[in-house]
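Worksheet: the structure to be examined is printed underneath.
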Amino acid sequence: MAAPRAFRRGLQAVPEAVREGRLIVEAQALQWGLARETVGAAVQVASELLTNAVHATPYRGITLRMGLADDGLCVEVWDSSPVWPRPSTPDMSVPRGPVADDAPDPGGWGLGIVDALSEKRGCGTSSKESASGPSSRRSFGNQPLGVPWGRPRKVCDVEDWFTREITDAGRLRLFCFLVAFIAGFLFIRVSVRMIRAQVRWWPGNVTPGGQHIHHVVFGLVFMCVGGVGGLAVEDGSSGWAAATAAVFGVGAALVLDEFALVLHLEDVYWSQQGRLSVEVVFITIALCGLMLLGLRPLGVDDAAGDGFWALVLVLLFDMCVAVVALAKGKVWTGLIGVFIGIVAIVGAVRLARPGSPWARRRYSPGSRKARRAEVRERRYRQPLQRLGDRLSDLVAGRPSAK
């Protein structure tokens with residue numbers, strides 16, 4: 001070989017990734033001109049490691065890597081689990097009766113197959129200890145084939161984490177959107193507070209011809225440019241995809257920062273009603289953060305492998321409890337409950353807040369439930385609301401007294 005060769009592909013840890021990974025390894029190994037026997041062994045090893053990763057970290061980002069150098073072919077599968085896989089002994093007992101076609105596989109074969117293929121090809125093993133744990137590598141004889149034993153843990157640096165959890169997991173656009181959204185919101189809040197304080201050296205409002213242009217207008221322009229540009233970019237991991245997502249994030253921050261103004265159709269930016277804009281921004285950051293962590297709404301992760309109707313029932317149940325929580329006036333509980341079902345269930349079974357749509361329709365004035373709801377509002381909700389208002393004032397500025 002003239003030079004080492006390398007290949008890497010990010011996948012989503014779903015059952016379909018095993019078949020896709022087998023095809024990728026086979027095509028790449030044949031393109032490198034390896035022997036058919038070695039190609040078959042590489043495909044089998046990749047299949048077992050991918051299956052292991054799918055079971056260990058469902059719906060998270062995983063990485064398939066191949067490398068060809070003087071010491072042979074290396075096939076690796078990396079996932080985000082810090083736990084080493086433990087080989088198990090497969091059930092070799094003879095069943096006493098007929099086995100149904102859809103009977104579950106007893107399992108326990110995967111790592112044993114990897115080990116057997118390694119030994120058959122005359123593997124050599126080298127291991128090392130790193131700051132985060134042990135790792136190992138196996139390589140074959142004539143046409144070497146290297147596989148990491150299990151799921152080794154690497155030294156966790158920022159670049160490796162970003163590649164594994166963001167780029168390979170297909171979350172680059174969301175990451176750039178969220179970072180740009182937070183940066184845009186902080187910048188515009190600093191700007192308006194400097195203008196409010198009448199700092200001389202800071203540029204003032206944009207007022208061409210005496211017409212005050214609110215920054216929501218600029219936000220709409222940024223959103224149009226970033227949104228349409230993002231639709232035109234096909235590669236979600238490219239620099240252009242990241243740039244358009246960042247532009248869209250800045251535009252969304254400028255628009256949501258004046259959400260209350262758009263809702264009321266009047267300038268309520270520094271009034272009590274203007275706090276709604278800050279709350280909407282905080283909610284957006286929280287929901288984007290949950291998605292960036294890999295959570296999917298309405299319990300899709302938990303029910304995706306249980307069949308179509310099970311998935312439909314889980315979706316309907318989670319949607320219903322989230323809607324009930326929102327109807328009871330619990331905005332944070334309902335929205336976060338879209339991603340974490342138990343939160344929505346707790347919000348749905350507890351008393352509604354006074355003045356919420358649920359309370360107005362189901363709690364008659366002076367009833368026991370209405371009185372309990374008012375007591376809980378004063379005892380628990382109002383102190384939390386005051387704490388949230390202080391945090392909002394610290395970040396976004398205190399509303400005017402008028």
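Letters A, B, ... go to the chains of the structure tokens in the order shown; residues in each chain start at 1; ligands are counted from 1 in the same order.
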Do you know which residues are at most 12 Å from region 363-371 of chain A counting only C-alpha atoms, after dropping those on the same chain fewer than 6 positions away, and could you put them as an MDAnalysis selection string?
chainID A and resid 328 350:357 377:378
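With distances restricted to only C-alpha atoms, A:Val14 is the closest residue to Thr57 (chain A) from A:Met223, A:Val14, A:Ile182, A:Ala197.
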Considering only C-alpha atoms, can you say which of A:Arg8, A:Gly397, A:Ser80, A:Arg376 comes closest to Met194 (chain A)?
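Nearest to Met194 (chain A): A:Gly397.
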